[in-house]
Amino acid sequence: MDNRQAIGSWLSGPRAAAEDMGSDFGHRGERLGLPEAGPGSIAPLGRRFGAVFIDWGLCLLIAYGLFAGGDRQAAGNWALGIFLVLSVLTVGTVGFTPGKRLLGLRVVAEDGGPLGIVRVLVRSVLLCLAIPALVWDRDGRGLHDRLARAVQVRI
């Protein structure tokens with residue numbers, strides 16, 4: 001066997017290498033009792049990034065138009081605060097941001113219910129720090145979702 005197969009390439013990662021060697025991790029969300037596909041399944045990474053991109057763009061527009069007075073650097077700073085408020089208010093009340101809604105996603109507690117305000121606040125603050133959102137578990141959940149005991153699912 002080629003060592004590259006045993007280790008896995010830097011593109012496929014250790015999970016793919018382990019699966020190639022016969023390990024069965026199950027589908028993403030199986031440990032949480034979620035279906036493999038369709039409504040209620042783990043939201044795909046591309047849609048989640050797309051939703052954040054839409055929400056960030058909306059926040060930049062609001063910041064630039066209402067708060068920054070035409071200053072691009074100030075707009076970025078204001079946008080982060082607006083992003084935090086948008087996330088806390090929308091995820092805390094309806095379970096999704098405008099970007100998540102457009103892309104068919106919702107944030108729910110691990111048990112399927114709504115998140116409480118404290119968990120939404122923890123999740124939103126960690127999301128604004130960015131690094132926790134870039135560290136994932138084998139179910140594809142970011143550290144911000146794990147610490148808030150939340151999961152992003154398809155609607």
# chains A, B, ... in the order shown; residues from 1 in each chain; ligands from 1
>>> residues_around(residues="Phe49 (chain A)", least_positions_apart="5", cutoff="10 Å", atoms="only C-alpha atoms", output="ChimeraX atom specification")
/A:44,54-55,99-100
>>> write_last_selection(atoms="N, CA and C atoms", output="short mmCIF file (atom, residue, chain, number, x, y, z; two decimals), in the first residue's frame")
data_model
loop_
_atom_site.label_atom_id
_atom_site.label_comp_id
_atom_site.auth_asym_id
_atom_site.auth_seq_id
_atom_site.Cartn_x
_atom_site.Cartn_y
_atom_site.Cartn_z
N PRO A 44 -25.33 21.84 4.63
CA PRO A 44 -24.05 21.73 3.93
C PRO A 44 -23.17 22.95 4.16
N ILE A 54 -24.06 36.43 2.66
CA ILE A 54 -25.25 37.27 2.46
C ILE A 54 -25.48 38.17 3.66
N ASP A 55 -25.42 37.59 4.86
CA ASP A 55 -25.64 38.38 6.08
C ASP A 55 -24.58 39.46 6.25
N GLY A 99 -29.83 35.57 5.57
CA GLY A 99 -29.06 34.72 4.68
C GLY A 99 -29.40 33.25 4.84
N LYS A 100 -29.56 32.80 6.08
CA LYS A 100 -29.92 31.41 6.33
C LYS A 100 -31.31 31.12 5.76
#
>>> select_by_dssp(residues="region 37-142 of chain A", states="strand (DSSP E)", output="PyMOL selection string")
chain A and resi 105-109
>>> write_last_selection(atoms="C-alpha atoms", output="mmCIF file, in the first residue's frame")
data_model
loop_
_atom_site.group_PDB
_atom_site.id
_atom_site.type_symbol
_atom_site.label_atom_id
_atom_site.label_comp_id
_atom_site.auth_asym_id
_atom_site.auth_seq_id
_atom_site.Cartn_x
_atom_site.Cartn_y
_atom_site.Cartn_z
ATOM 1 C CA LEU A 105 -31.234 26.833 6.803
ATOM 2 C CA ARG A 106 -32.241 27.092 10.449
ATOM 3 C CA VAL A 107 -30.334 27.023 13.756
ATOM 4 C CA VAL A 108 -31.828 24.728 16.381
ATOM 5 C CA ALA A 109 -30.764 23.204 19.691
#
>>> closest_residue(among="A:Leu126, A:Leu103, A:Ala79, A:Val153", to="Arg28 (chain A)", atoms="only C-alpha atoms")
A:Val153
>>> select_by_dssp(residues="chain A", states="alpha helix (DSSP H)", output="PyMOL selection string")
chain A and resi 3-7+13-20+45-62+72-93+98-102+117-129+143-147
>>> residues_around(residues="Leu32 (chain A)", least_positions_apart="2", cutoff="12 Å", atoms="only C-alpha atoms", output="MDAnalysis selection string")
chainID A and resid 26:30 34:36 40:42 108:112 138:141 146 149:153
>>> atom_distance(atom1="CA of Val88 (chain A)", atom2="CA of Ser124 (chain A)")
6.2 Å
>>> atom_distance(atom1="CA of Leu147 (chain A)", atom2="CA of Arg123 (chain A)")
7.3 Å
>>> atom_distance(atom1="CA of Ile82 (chain A)", atom2="CA of Gly113 (chain A)")
25.7 Å
